[in-house]
$ cat model24.cif   # mmCIF, C-alpha atoms
data_input
#
loop_
_atom_site.label_atom_id
_atom_site.label_comp_id
_atom_site.auth_asym_id
_atom_site.auth_seq_id
_atom_site.Cartn_x
_atom_site.Cartn_y
_atom_site.Cartn_z
CA ASP A 26 17.47 6.08 -8.12
CA GLN A 27 14.35 5.48 -6.02
CA GLN A 28 15.01 7.81 -3.11
CA VAL A 29 11.34 8.82 -3.01
CA LYS A 30 8.72 6.19 -3.72
CA GLN A 31 5.01 6.31 -4.21
CA ASN A 32 3.97 2.69 -4.44
CA SER A 33 0.37 3.28 -5.47
CA PRO A 34 0.16 4.51 -9.05
CA SER A 35 -3.58 5.14 -8.70
CA LEU A 36 -6.28 5.54 -6.08
CA SER A 37 -10.06 5.92 -6.38
CA VAL A 38 -12.09 7.44 -3.55
CA GLN A 39 -15.75 8.26 -3.16
CA GLU A 40 -16.58 11.96 -2.94
CA GLY A 41 -16.82 13.08 0.68
CA ARG A 42 -14.59 10.30 1.98
CA ILE A 43 -10.97 10.56 3.06
CA SER A 44 -8.17 10.18 0.52
CA ILE A 45 -4.85 8.92 1.87
CA LEU A 46 -1.79 9.10 -0.33
CA ASN A 47 1.45 7.52 0.82
CA CYS A 48 5.10 8.17 0.21
CA ASP A 49 8.31 6.50 1.41
CA TYR A 50 11.86 7.80 1.26
CA THR A 51 15.26 6.28 1.76
CA ASN A 52 17.65 9.22 2.04
CA SER A 53 18.21 10.13 5.70
CA MET A 54 19.43 13.59 4.70
CA PHE A 55 15.97 14.62 3.54
CA ASP A 56 14.56 17.10 6.04
CA TYR A 57 11.81 18.83 4.11
CA PHE A 58 8.89 17.18 2.39
CA LEU A 59 6.27 18.55 0.06
CA TRP A 60 3.18 17.47 -1.81
CA TYR A 61 2.42 18.83 -5.26
CA LYS A 62 -0.71 18.35 -7.32
CA LYS A 63 -0.58 18.20 -11.09
CA TYR A 64 -3.26 18.44 -13.72
CA PRO A 65 -2.56 17.38 -17.33
CA ALA A 66 -0.67 19.99 -19.37
CA GLU A 67 0.06 22.07 -16.26
CA GLY A 68 3.03 22.39 -13.95
CA PRO A 69 3.05 20.95 -10.42
CA THR A 70 1.10 23.09 -7.95
CA PHE A 71 2.36 23.28 -4.36
CA LEU A 72 -0.11 21.91 -1.82
CA ILE A 73 1.48 21.49 1.57
CA SER A 74 4.86 20.89 3.15
CA ILE A 75 6.35 19.63 6.39
CA SER A 76 9.71 20.03 8.03
CA SER A 77 11.39 17.07 9.70
CA ILE A 78 11.06 18.78 13.09
CA LYS A 79 7.30 18.28 12.90
CA ASP A 80 5.15 15.21 12.55
CA LYS A 81 1.99 16.86 11.31
CA ASN A 82 1.00 19.91 9.31
CA GLU A 83 -2.54 20.89 8.45
CA ASP A 84 -3.95 23.31 5.91
CA GLY A 85 -7.69 23.24 5.44
CA ARG A 86 -8.73 19.89 4.00
CA PHE A 87 -5.10 18.78 3.61
CA THR A 88 -2.98 17.23 6.35
CA VAL A 89 0.49 15.81 5.94
CA PHE A 90 1.86 13.32 8.47
CA LEU A 91 5.54 12.49 8.80
CA ASN A 92 6.93 9.36 10.47
CA LYS A 93 10.68 9.87 10.49
CA SER A 94 11.53 6.52 12.03
CA ALA A 95 9.65 4.74 9.26
CA LYS A 96 10.77 7.26 6.60
CA HIS A 97 7.15 7.57 5.59
CA LEU A 98 4.79 10.43 4.94
CA SER A 99 1.18 10.59 3.98
CA LEU A 100 -1.25 13.16 2.67
CA HIS A 101 -4.81 13.10 3.93
CA ILE A 102 -7.54 14.92 2.06
CA VAL A 103 -10.87 15.17 3.84
CA PRO A 104 -13.49 15.48 2.60
CA SER A 105 -12.46 14.55 -0.93
CA GLN A 106 -13.98 16.62 -3.72
CA PRO A 107 -14.20 15.99 -7.49
CA GLY A 108 -11.75 18.85 -8.11
CA ASP A 109 -9.14 16.89 -6.17
CA SER A 110 -8.84 14.44 -9.06
CA ALA A 111 -5.25 14.87 -10.26
CA VAL A 112 -1.80 13.33 -10.00
CA TYR A 113 -0.16 13.90 -6.61
CA PHE A 114 3.61 13.99 -6.27
CA CYS A 115 5.56 13.63 -3.09
CA ALA A 116 8.89 15.49 -3.08
CA ALA A 117 11.77 15.84 -0.67
CA SER A 118 14.82 18.01 -0.19
CA ALA A 119 17.78 18.28 2.18
CA ARG A 120 17.49 21.97 3.04
CA ASP A 121 19.63 21.92 6.16
CA PHE A 122 22.43 20.54 4.06
CA GLY A 123 22.11 23.43 1.61
CA ASN A 124 20.53 21.25 -1.03
CA GLU A 125 17.56 22.92 -2.61
CA LYS A 126 16.77 20.45 -5.31
CA LEU A 127 13.52 18.53 -5.07
CA THR A 128 13.53 14.77 -5.52
CA PHE A 129 10.13 13.62 -6.71
CA GLY A 130 8.23 10.38 -6.44
CA THR A 131 6.54 8.83 -9.45
CA GLY A 132 3.12 10.16 -8.52
CA THR A 133 -0.27 8.76 -7.57
CA ARG A 134 -3.28 9.42 -9.78
CA LEU A 135 -6.23 10.23 -7.52
CA THR A 136 -9.73 9.88 -8.91
CA ILE A 137 -12.65 11.15 -6.86
CA ILE A 138 -15.86 9.36 -7.73
CA PRO A 139 -18.95 11.59 -7.49
CA GLU B 28 -1.73 35.89 -7.88
CA PRO B 29 1.80 36.03 -9.36
CA GLU B 30 2.82 32.99 -11.35
CA VAL B 31 5.75 31.55 -13.26
CA THR B 32 5.26 31.71 -17.02
CA GLN B 33 7.03 29.72 -19.73
CA THR B 34 7.29 30.07 -23.49
CA PRO B 35 6.73 28.42 -25.83
CA SER B 36 4.18 25.90 -24.60
CA HIS B 37 5.30 23.44 -27.28
CA GLN B 38 8.54 23.38 -29.24
CA VAL B 39 9.29 20.97 -32.06
CA THR B 40 12.85 20.79 -33.28
CA GLN B 41 15.06 18.55 -35.35
CA MET B 42 17.83 16.52 -33.78
CA GLY B 43 21.05 18.51 -33.60
CA GLN B 44 19.35 21.90 -33.49
CA GLU B 45 19.69 24.39 -30.66
CA VAL B 46 16.65 25.31 -28.59
CA ILE B 47 16.09 27.98 -25.98
CA LEU B 48 13.29 27.56 -23.48
CA ARG B 49 12.17 30.71 -21.73
CA CYS B 50 10.80 31.34 -18.29
CA VAL B 51 9.68 34.42 -16.40
CA PRO B 52 9.93 33.66 -12.67
CA ILE B 53 7.84 35.40 -10.04
CA SER B 54 9.24 38.89 -9.69
CA ASN B 55 10.52 38.92 -6.10
CA HIS B 56 11.95 35.40 -6.24
CA LEU B 57 15.68 34.85 -5.99
CA TYR B 58 16.18 31.14 -6.69
CA PHE B 59 15.46 29.57 -10.05
CA TYR B 60 15.28 25.98 -11.21
CA TRP B 61 14.76 23.79 -14.23
CA TYR B 62 13.23 20.32 -14.04
CA ARG B 63 12.14 17.94 -16.74
CA GLN B 64 9.68 15.08 -17.00
CA ILE B 65 10.09 12.49 -19.73
CA LEU B 66 6.73 10.98 -20.65
CA GLY B 67 5.69 8.38 -18.10
CA GLN B 68 8.61 9.11 -15.78
CA LYS B 69 9.13 11.20 -12.67
CA VAL B 70 9.95 14.87 -12.54
CA GLU B 71 13.76 15.21 -12.45
CA PHE B 72 15.91 18.08 -11.24
CA LEU B 73 18.24 19.64 -13.81
CA VAL B 74 19.77 22.78 -12.33
CA SER B 75 19.40 25.47 -9.70
CA PHE B 76 20.52 29.07 -10.15
CA TYR B 77 21.08 31.82 -7.61
CA ASN B 78 22.89 35.13 -7.67
CA ASN B 79 23.67 34.77 -11.37
CA GLU B 80 25.40 31.45 -11.09
CA ILE B 81 24.60 27.75 -11.03
CA SER B 82 24.35 26.51 -7.45
CA GLU B 83 23.75 22.86 -8.26
CA LYS B 84 23.28 20.68 -11.33
CA SER B 85 22.36 17.07 -11.91
CA GLU B 86 24.14 14.46 -13.99
CA ILE B 87 21.61 15.11 -16.75
CA PHE B 88 22.80 18.72 -17.04
CA ASP B 89 25.85 18.09 -19.20
CA ASP B 90 27.81 20.41 -21.49
CA GLN B 91 24.92 20.53 -23.94
CA PHE B 92 22.85 22.46 -21.42
CA SER B 93 23.27 26.00 -20.20
CA VAL B 94 21.20 28.50 -18.25
CA GLU B 95 21.18 32.24 -18.26
CA ARG B 96 19.38 35.14 -16.69
CA PRO B 97 19.94 37.67 -19.47
CA ASP B 98 17.96 40.46 -17.82
CA GLY B 99 16.04 41.08 -14.63
CA SER B 100 13.04 39.03 -15.62
CA ASN B 101 13.89 36.10 -17.91
CA PHE B 102 15.52 32.79 -17.07
CA THR B 103 16.47 30.59 -20.02
CA LEU B 104 17.51 27.01 -20.62
CA LYS B 105 19.54 26.35 -23.77
CA ILE B 106 20.16 22.94 -25.27
CA ARG B 107 22.94 23.30 -27.83
CA SER B 108 22.49 20.18 -29.93
CA THR B 109 19.26 18.39 -29.16
CA LYS B 110 18.98 14.62 -29.05
CA LEU B 111 15.90 12.46 -29.36
CA GLU B 112 16.11 11.65 -25.66
CA ASP B 113 15.79 15.35 -24.79
CA SER B 114 12.10 15.11 -25.67
CA ALA B 115 10.28 15.89 -22.44
CA MET B 116 8.26 18.48 -20.53
CA TYR B 117 10.59 21.12 -19.13
CA PHE B 118 9.42 22.96 -16.03
CA CYS B 119 10.84 26.17 -14.67
CA ALA B 120 10.41 26.93 -10.96
CA SER B 121 11.25 29.83 -8.70
CA ARG B 122 11.46 30.38 -4.97
CA ARG B 123 11.59 33.56 -2.96
CA GLY B 124 14.33 32.30 -0.64
CA GLY B 125 12.99 32.31 2.90
CA PRO B 126 13.30 29.14 5.03
CA GLU B 127 9.63 28.27 4.62
CA ASP B 128 9.31 29.32 0.99
CA GLU B 129 8.39 26.75 -1.64
CA GLN B 130 9.24 26.28 -5.29
CA TYR B 131 6.50 27.45 -7.61
CA PHE B 132 6.36 25.83 -11.01
CA GLY B 133 5.46 27.13 -14.42
CA PRO B 134 3.12 25.30 -16.81
CA GLY B 135 5.98 23.72 -18.72
CA THR B 136 7.29 23.59 -22.28
CA ARG B 137 6.79 20.39 -24.19
CA LEU B 138 9.93 19.78 -26.25
CA THR B 139 9.66 17.30 -29.09
CA VAL B 140 12.88 16.36 -30.88
CA THR B 141 12.38 14.61 -34.23
#
$ encode --input "model24.cif" --output "structure tokens"
Amino acid sequence: DQQVKQNSPSLSVQEGRISILNCDYTNSMFDYFLWYKKYPAEGPTFLISISSIKDKNEDGRFTVFLNKSAKHLSLHIVPSQPGDSAVYFCAASARDFGNEKLTFGTGTRLTIIP
Amino acid sequence: EPEVTQTPSHQVTQMGQEVILRCVPISNHLYFYWYRQILGQKVEFLVSFYNNEISEKSEIFDDQFSVERPDGSNFTLKIRSTKLEDSAMYFCASRRGGPEDEQYFGPGTRLTVT
């Protein structure tokens, strides 16, 4: 069941540059998308979300872009900092359909090189 | 800042034994969830709980699993007769319930079935 896909298992970015993490989904019922960050031995930490009625949401250094026609979203982190090194999960839900459960991607390990 | 807590952090049990994983959600949250992550795999939804009843469960959540909110603060996941394949990280999450509210995750319990 690959309803949410993160095709890049890992990504390395120089400190200060932009990190772009990508996510694709297949389920047209998904209307709410989230990014979580996870450190080893910790639970996922919520970063930023976007509803399907928007195409962009920004929070500080983090911006999420949604392209509904392509069923694609991306997370931009700028500038990247060493503390951003973690695994990033894309998740989706179908809130308007009363479905609260989150469907996660497989994650992308981001490494920020000082 | 309020956070979801989980105990124990690591549980080792023998196959066939019952285990109870405990969670204390954030105090003003109304929706509760369990997820699990088998090593090397994605985070998977198990069950959601609202108003003292299960609102949704996945195929993984079979008759061996049960959830309970025994008092006003705890939320538990019971596995009646553990199997080797139940070995995973189990994450509890809670959500306040507003349309823009997110699920906040606990640090997880690592369950090892031998």
$ resolve_selection --input "model24.cif" --expression "the PyMOL selection byres ((chain B) within 9 of (chain A))" --output "list in words"
Tyr60, Gly67, Gln68, Lys69, Val70, Glu71, Phe72, Leu73, Val74, Ser75, Glu83, Lys84, Phe118, Cys119, Pro126, Glu127, Glu129, Gln130, Tyr131, Phe132, Gly133, Pro134, Gly135 and Arg137 of chain B
$ closest_residue --input "model24.cif" --among "B:Ile87, B:Ile81, B:Ile106, B:Val46" --to "B:Tyr58" --atoms "all atoms listed in the file"
B:Ile81
$ closest_residue --input "model24.cif" --among "A:Leu91, A:Lys81, A:Thr136, A:Tyr50" --to "A:Asp109" --atoms "all atoms listed in the file"
A:Thr136
$ residues_near_point --input "model24.cif" --point "(12.9, 15.7, -28.9)" --cutoff "6 Å" --atoms "all atoms listed in the file" --output "number ranges by chain"
B: 111, 113-114, 138-141
$ write_last_selection --input "model24.cif" --atoms "C-alpha atoms" --output "mmCIF file, in the coordinates of the input"
data_model
loop_
_atom_site.group_PDB
_atom_site.id
_atom_site.type_symbol
_atom_site.label_atom_id
_atom_site.label_comp_id
_atom_site.auth_asym_id
_atom_site.auth_seq_id
_atom_site.Cartn_x
_atom_site.Cartn_y
_atom_site.Cartn_z
ATOM 1 C CA LEU B 111 15.900 12.460 -29.360
ATOM 2 C CA ASP B 113 15.790 15.350 -24.790
ATOM 3 C CA SER B 114 12.100 15.110 -25.670
ATOM 4 C CA LEU B 138 9.930 19.780 -26.250
ATOM 5 C CA THR B 139 9.660 17.300 -29.090
ATOM 6 C CA VAL B 140 12.880 16.360 -30.880
ATOM 7 C CA THR B 141 12.380 14.610 -34.230
#
$ atom_distance --input "model24.cif" --atom1 "atom CA of B:Met42" --atom2 "atom CA of B:Gln91"
12.8 Å
$ resolve_selection --input "model24.cif" --expression "the PyMOL selection byres ((chain B and resi 31) around 7)" --output "PDB file with C-alpha atoms, keeping the file's coordinate frame"
ATOM      1  CA  GLU B  30       2.820  32.990 -11.350  1.00  0.00           C
ATOM      2  CA  THR B  32       5.260  31.710 -17.020  1.00  0.00           C
ATOM      3  CA  GLN B  33       7.030  29.720 -19.730  1.00  0.00           C
ATOM      4  CA  VAL B  51       9.680  34.420 -16.400  1.00  0.00           C
ATOM      5  CA  PRO B  52       9.930  33.660 -12.670  1.00  0.00           C
ATOM      6  CA  ILE B  53       7.840  35.400 -10.040  1.00  0.00           C
ATOM      7  CA  ALA B 120      10.410  26.930 -10.960  1.00  0.00           C
ATOM      8  CA  PHE B 132       6.360  25.830 -11.010  1.00  0.00           C
ATOM      9  CA  GLY B 133       5.460  27.130 -14.420  1.00  0.00           C
TER      10      GLY B 133
END
$ atom_distance --input "model24.cif" --atom1 "atom CA of B:Ser85" --atom2 "atom CA of A:Val29"
16.4 Å
$ atom_distance --input "model24.cif" --atom1 "atom CA of A:Asp56" --atom2 "atom CA of A:Asp80"
11.6 Å
$ axis_aligned_box --input "model24.cif" --around "stretch 77-96 of chain B" --padding-each-side "8 Å" --output "lines of an AutoDock Vina configuration file"
center_x = 23.6
center_y = 24.8
center_z = -15.7
size_x = 24.4
size_y = 36.7
size_z = 32.5
$ resolve_selection --input "model24.cif" --expression "the PyMOL selection byres ((chain A and resi 92-106) around 7)" --output "list in words"
Glu40, Gly41, Arg42, Ile43, Ser44, Ile45, Leu46, Asn47, Cys48, Asp49, Tyr50, Thr51, Asp80, Arg86, Phe87, Thr88, Val89, Phe90, Leu91, Pro107, Gly108, Asp109 and Ile137 of chain A
$ closest_residue --input "model24.cif" --among "A:Leu36, A:Ala111, A:Ala117, A:Ile138" --to "A:Ser53" --atoms "all atoms listed in the file"
A:Ala117
